[in-house]
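Q: So that we are looking at the same thing, I have put the structure below in structure tokens.
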Amino acid sequence: MKKFFTIFLLLFAITKNYSQDKNSEARQFIENAEITQINKDWNVKAEFKSGIDDAVSFFPIEIIDLKSNRKIKSLQMDMLLKYQSNHNDFKSSWIDLNEVDEFILFIEQYVIPNLKDKTEKNQSTTYIFNSKEIMFSFYIQKNSRRISIYLKDNGVTDYGHYFWTETQVRKIPELLTMLKEIK
């Protein structure tokens, strides 16, 4: 029985550590602190809206564990989805600062140079950036371009929290500027 209990504890610890690696450092910090303060800088923000008033906002934050006074900085992304039934759904995700560098590189190398690209008939091109908590996709087909953002839970894509827009693609340079400001 003692051996069974020890194996159970070991498996529990491994599972807990494995699942925590799937979430951002910011989410883990918030979930593990007893009392937290989050300071948001709304002056440095990039926002995308869809034609049905869904919205995604990116902005820098500072998270403080008020008991230990430990602080970390991160990028928060809020997603607001509006449904025809007058029901709104809101969810936040975080991108760690070490992931922001990769996000900047992705936008500079693969999105900005292709903002005016076109594809041939019956062809498309998709560029995808994956962080621990979001998947950002830039899609090109013929003359149209679209950005799509999916949120993730424990590393698994949450297909219920999905945002897309074609009309706001021109605002991608604003997102890039904002990302560079928080570094």
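FYI, nothing fancy with the structure tokens labels: chains A, B, ... in order, residues from 1 per chain, ligands from 1 as they appear.
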Could you find all residues in region 5-172 of chain A that DSSP calls alpha helix (DSSP H) from the backbone, and write them as a VMD selection string?

A: chain A and resid 5 to 20 25 to 32 97 to 106 172

Q: Limited to N, CA, C and O atoms, could you put the picked residues into a file as a compact mmCIF listing (two decimals), in the first residue's frame?

A:
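Output file again.txt follows:
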# COMPACT_ATOMS: atom_id res chain seq x y z
N PHE A 5 0.98 4.28 -2.82
CA PHE A 5 0.82 5.68 -2.47
C PHE A 5 2.00 6.51 -2.99
O PHE A 5 1.82 7.60 -3.53
N THR A 6 3.21 5.99 -2.86
CA THR A 6 4.40 6.69 -3.35
C THR A 6 4.35 6.85 -4.86
O THR A 6 4.65 7.92 -5.40
N ILE A 7 3.96 5.80 -5.58
CA ILE A 7 3.85 5.86 -7.04
C ILE A 7 2.77 6.87 -7.43
O ILE A 7 2.96 7.67 -8.35
N PHE A 8 1.65 6.87 -6.71
CA PHE A 8 0.58 7.82 -6.97
C PHE A 8 1.07 9.26 -6.82
O PHE A 8 0.82 10.11 -7.66
N LEU A 9 1.79 9.55 -5.74
CA LEU A 9 2.31 10.90 -5.51
C LEU A 9 3.30 11.31 -6.60
O LEU A 9 3.29 12.45 -7.06
N LEU A 10 4.14 10.38 -7.00
CA LEU A 10 5.11 10.66 -8.05
C LEU A 10 4.40 10.98 -9.37
O LEU A 10 4.74 11.96 -10.05
N LEU A 11 3.42 10.19 -9.74
CA LEU A 11 2.66 10.44 -10.97
C LEU A 11 1.91 11.76 -10.90
O LEU A 11 1.84 12.51 -11.88
N PHE A 12 1.35 12.08 -9.74
CA PHE A 12 0.64 13.34 -9.55
C PHE A 12 1.60 14.52 -9.75
O PHE A 12 1.28 15.48 -10.43
N ALA A 13 2.78 14.44 -9.17
CA ALA A 13 3.77 15.51 -9.28
C ALA A 13 4.22 15.69 -10.73
O ALA A 13 4.34 16.81 -11.23
N ILE A 14 4.46 14.60 -11.42
CA ILE A 14 4.88 14.65 -12.82
C ILE A 14 3.77 15.26 -13.68
O ILE A 14 4.02 16.13 -14.51
N THR A 15 2.54 14.83 -13.47
CA THR A 15 1.40 15.35 -14.23
C THR A 15 1.23 16.83 -13.97
O THR A 15 1.00 17.62 -14.90
N LYS A 16 1.32 17.26 -12.74
CA LYS A 16 1.16 18.67 -12.40
C LYS A 16 2.25 19.52 -13.06
O LYS A 16 1.96 20.55 -13.66
N ASN A 17 3.49 19.07 -12.98
CA ASN A 17 4.59 19.80 -13.61
C ASN A 17 4.45 19.85 -15.12
O ASN A 17 4.70 20.86 -15.75
N TYR A 18 4.04 18.74 -15.72
CA TYR A 18 3.89 18.69 -17.17
C TYR A 18 2.80 19.64 -17.63
O TYR A 18 2.97 20.39 -18.58
N SER A 19 1.66 19.67 -16.93
CA SER A 19 0.56 20.53 -17.36
C SER A 19 0.90 21.99 -17.14
O SER A 19 0.47 22.85 -17.88
N GLN A 20 1.69 22.32 -16.12
CA GLN A 20 2.06 23.71 -15.88
C GLN A 20 2.98 24.23 -16.97
O GLN A 20 2.95 25.42 -17.28
N GLU A 25 4.05 31.58 -18.05
CA GLU A 25 4.59 31.90 -16.73
C GLU A 25 3.64 32.86 -16.02
O GLU A 25 3.43 32.76 -14.81
N ALA A 26 3.05 33.78 -16.77
CA ALA A 26 2.11 34.75 -16.18
C ALA A 26 0.90 34.05 -15.57
O ALA A 26 0.50 34.35 -14.45
N ARG A 27 0.30 33.10 -16.30
CA ARG A 27 -0.87 32.38 -15.77
C ARG A 27 -0.47 31.60 -14.52
O ARG A 27 -1.18 31.60 -13.52
N GLN A 28 0.67 30.93 -14.56
CA GLN A 28 1.12 30.17 -13.39
C GLN A 28 1.35 31.09 -12.20
O GLN A 28 0.98 30.77 -11.07
N PHE A 29 1.94 32.25 -12.45
CA PHE A 29 2.21 33.23 -11.40
C PHE A 29 0.90 33.68 -10.75
O PHE A 29 0.78 33.71 -9.52
N ILE A 30 -0.10 34.01 -11.57
CA ILE A 30 -1.41 34.45 -11.06
C ILE A 30 -2.10 33.34 -10.28
O ILE A 30 -2.64 33.56 -9.20
N GLU A 31 -2.08 32.12 -10.83
CA GLU A 31 -2.76 31.00 -10.17
C GLU A 31 -2.09 30.57 -8.88
O GLU A 31 -2.76 30.07 -7.98
N ASN A 32 -0.79 30.78 -8.75
CA ASN A 32 -0.08 30.32 -7.55
C ASN A 32 0.02 31.38 -6.46
O ASN A 32 0.34 31.05 -5.32
N LEU A 97 7.18 37.33 -21.98
CA LEU A 97 8.08 38.23 -22.70
C LEU A 97 9.07 37.48 -23.59
O LEU A 97 9.41 37.96 -24.67
N ASN A 98 9.50 36.29 -23.17
CA ASN A 98 10.41 35.52 -24.03
C ASN A 98 9.71 35.05 -25.30
O ASN A 98 10.34 34.83 -26.32
N GLU A 99 8.38 34.91 -25.26
CA GLU A 99 7.62 34.54 -26.46
C GLU A 99 7.35 35.77 -27.33
O GLU A 99 7.12 35.63 -28.54
N VAL A 100 7.37 36.97 -26.75
CA VAL A 100 7.12 38.20 -27.50
C VAL A 100 8.21 38.38 -28.57
O VAL A 100 7.92 38.79 -29.70
N ASP A 101 9.45 38.04 -28.24
CA ASP A 101 10.54 38.14 -29.22
C ASP A 101 10.24 37.30 -30.45
O ASP A 101 10.44 37.73 -31.59
N GLU A 102 9.75 36.09 -30.23
CA GLU A 102 9.41 35.20 -31.35
C GLU A 102 8.21 35.74 -32.13
O GLU A 102 8.15 35.62 -33.35
N PHE A 103 7.24 36.33 -31.43
CA PHE A 103 6.07 36.91 -32.07
C PHE A 103 6.49 38.07 -32.97
O PHE A 103 6.03 38.20 -34.11
N ILE A 104 7.40 38.92 -32.48
CA ILE A 104 7.93 40.03 -33.28
C ILE A 104 8.62 39.51 -34.54
O ILE A 104 8.36 39.97 -35.65
N LEU A 105 9.46 38.51 -34.37
CA LEU A 105 10.17 37.90 -35.49
C LEU A 105 9.19 37.33 -36.51
O LEU A 105 9.35 37.53 -37.73
N PHE A 106 8.17 36.64 -36.04
CA PHE A 106 7.14 36.07 -36.91
C PHE A 106 6.46 37.16 -37.75
O PHE A 106 6.34 37.03 -38.97
N ILE A 172 -1.99 45.19 -38.51
CA ILE A 172 -0.90 44.34 -38.01
C ILE A 172 0.37 45.16 -37.72
O ILE A 172 1.02 44.91 -36.71

Q: Please provide the set of residues having any atom within 12 Å of region 47-51 of chain A, restricted to only C-alpha atoms, with same-chain residues fewer than 5 positions apart removed, written as a tab-separated table (two decimals) with N, CA and C atoms, in the first residue's frame.

A:
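Result written to part-v2.tsv:
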chain	number	residue	atom	x	y	z
A	42	TRP	N	-2.95	50.75	-20.56
A	42	TRP	CA	-3.89	50.89	-21.67
A	42	TRP	C	-3.39	51.89	-22.72
A	56	VAL	N	-10.28	41.73	-29.94
A	56	VAL	CA	-9.08	41.20	-29.29
A	56	VAL	C	-8.17	42.39	-29.01
A	57	SER	N	-7.71	42.49	-27.76
A	57	SER	CA	-6.81	43.57	-27.35
A	57	SER	C	-5.54	42.97	-26.78
A	58	PHE	N	-4.40	43.52	-27.20
A	58	PHE	CA	-3.08	43.15	-26.67
A	58	PHE	C	-2.55	44.34	-25.89
A	59	PHE	N	-2.04	44.12	-24.67
A	59	PHE	CA	-1.47	45.21	-23.89
A	59	PHE	C	-0.51	44.66	-22.84
A	76	GLN	N	-0.73	40.71	-22.06
A	76	GLN	CA	-2.06	40.11	-21.89
A	76	GLN	C	-2.85	40.30	-23.16
A	77	MET	N	-3.67	39.31	-23.48
A	77	MET	CA	-4.57	39.40	-24.62
A	77	MET	C	-5.97	39.11	-24.13
A	78	ASP	N	-6.87	40.06	-24.30
A	78	ASP	CA	-8.27	39.87	-23.93
A	78	ASP	C	-9.08	39.63	-25.19
A	79	MET	N	-9.95	38.61	-25.14
A	79	MET	CA	-10.82	38.30	-26.26
A	79	MET	C	-12.27	38.43	-25.80
A	80	LEU	N	-13.04	39.25	-26.53
A	80	LEU	CA	-14.46	39.41	-26.25
A	80	LEU	C	-15.23	38.92	-27.47
A	81	LEU	N	-16.04	37.90	-27.26
A	81	LEU	CA	-16.85	37.33	-28.33
A	81	LEU	C	-18.31	37.66	-28.05
A	82	LYS	N	-19.01	38.17	-29.05
A	82	LYS	CA	-20.43	38.52	-28.89
A	82	LYS	C	-21.25	37.55	-29.72
A	146	ARG	N	-6.53	37.25	-44.00
A	146	ARG	CA	-7.30	37.11	-42.76
A	146	ARG	C	-6.34	36.80	-41.62
A	147	ILE	N	-6.61	37.38	-40.46
A	147	ILE	CA	-5.92	36.94	-39.25
A	147	ILE	C	-6.93	36.18	-38.40
A	148	SER	N	-6.45	35.13	-37.79
A	148	SER	CA	-7.26	34.32	-36.88
A	148	SER	C	-6.47	34.13	-35.61
A	149	ILE	N	-7.17	34.16	-34.49
A	149	ILE	CA	-6.52	33.96	-33.20
A	149	ILE	C	-7.34	32.94	-32.42
A	162	TYR	N	-12.32	31.74	-30.53
A	162	TYR	CA	-11.72	31.96	-31.84
A	162	TYR	C	-12.15	33.33	-32.35
A	163	PHE	N	-11.19	34.08	-32.85
A	163	PHE	CA	-11.44	35.40	-33.42
A	163	PHE	C	-10.84	35.45	-34.81
A	164	TRP	N	-11.54	36.08	-35.74
A	164	TRP	CA	-10.94	36.30	-37.05
A	164	TRP	C	-11.45	37.61	-37.64
A	165	THR	N	-10.64	38.18	-38.52
A	165	THR	CA	-11.04	39.39	-39.23
A	165	THR	C	-10.25	39.50	-40.53
A	166	GLU	N	-10.89	40.05	-41.52
A	166	GLU	CA	-10.21	40.39	-42.78
A	166	GLU	C	-10.01	41.90	-42.87
A	167	THR	N	-10.94	42.66	-42.32
A	167	THR	CA	-10.89	44.12	-42.45
A	167	THR	C	-9.81	44.76	-41.59
A	168	GLN	N	-9.33	44.08	-40.56
A	168	GLN	CA	-8.37	44.66	-39.63
A	168	GLN	C	-6.92	44.23	-39.91
A	169	VAL	N	-6.68	43.49	-40.97
A	169	VAL	CA	-5.33	43.02	-41.29
A	169	VAL	C	-4.37	44.19	-41.44
A	170	ARG	N	-4.86	45.30	-41.94
A	170	ARG	CA	-4.02	46.49	-42.12
A	170	ARG	C	-3.47	47.01	-40.79
A	171	LYS	N	-4.03	46.58	-39.65
A	171	LYS	CA	-3.58	47.05	-38.34
A	171	LYS	C	-2.45	46.19	-37.76
A	172	ILE	N	-1.99	45.19	-38.51
A	172	ILE	CA	-0.90	44.34	-38.01
A	172	ILE	C	0.37	45.16	-37.72
A	173	PRO	N	0.73	46.16	-38.53
A	173	PRO	CA	1.90	46.97	-38.17
A	173	PRO	C	1.75	47.67	-36.80
A	174	GLU	N	0.52	48.02	-36.42
A	174	GLU	CA	0.29	48.61	-35.09
A	174	GLU	C	0.59	47.59	-33.99
A	175	LEU	N	0.22	46.33	-34.21
A	175	LEU	CA	0.54	45.28	-33.25
A	175	LEU	C	2.05	45.14	-33.13
A	176	LEU	N	2.74	45.16	-34.25
A	176	LEU	CA	4.20	45.05	-34.23
A	176	LEU	C	4.83	46.20	-33.46
A	178	MET	N	3.49	47.98	-31.06
A	178	MET	CA	3.17	47.79	-29.65
A	178	MET	C	4.07	46.72	-29.04

Q: Interatomic distance between CA of Lys22 (chain A) and CA of Ile61 (chain A)?

A: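 Value for the CA of Lys22 (chain A)-CA of Ile61 (chain A) distance: 20.3 Å.
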
Q: Could you tell me which of A:Ser92, A:Asn143, A:Lys67, A:Leu75 comes closest to Val44 (chain A) if we count only C-alpha atoms?

A: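 Among the listed residues, A:Leu75 lies closest to Val44 (chain A).
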
Q: DSSP on the backbone: what in region 52-161 of chain A comes out strand (DSSP E or B), as number ranges by chain?

A: A: 55-65, 70-82, 88-96, 124-130, 134-141, 144-153, 156-161

Q: So, with only C-alpha atoms as the atoms that count, which of A:Ser131, A:Asn23, A:Gln37, A:Asn88 lies closest to His161 (chain A)?

A: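 Comparing A:Ser131, A:Asn23, A:Gln37, A:Asn88 against His161 (chain A), the winner is A:Asn88.
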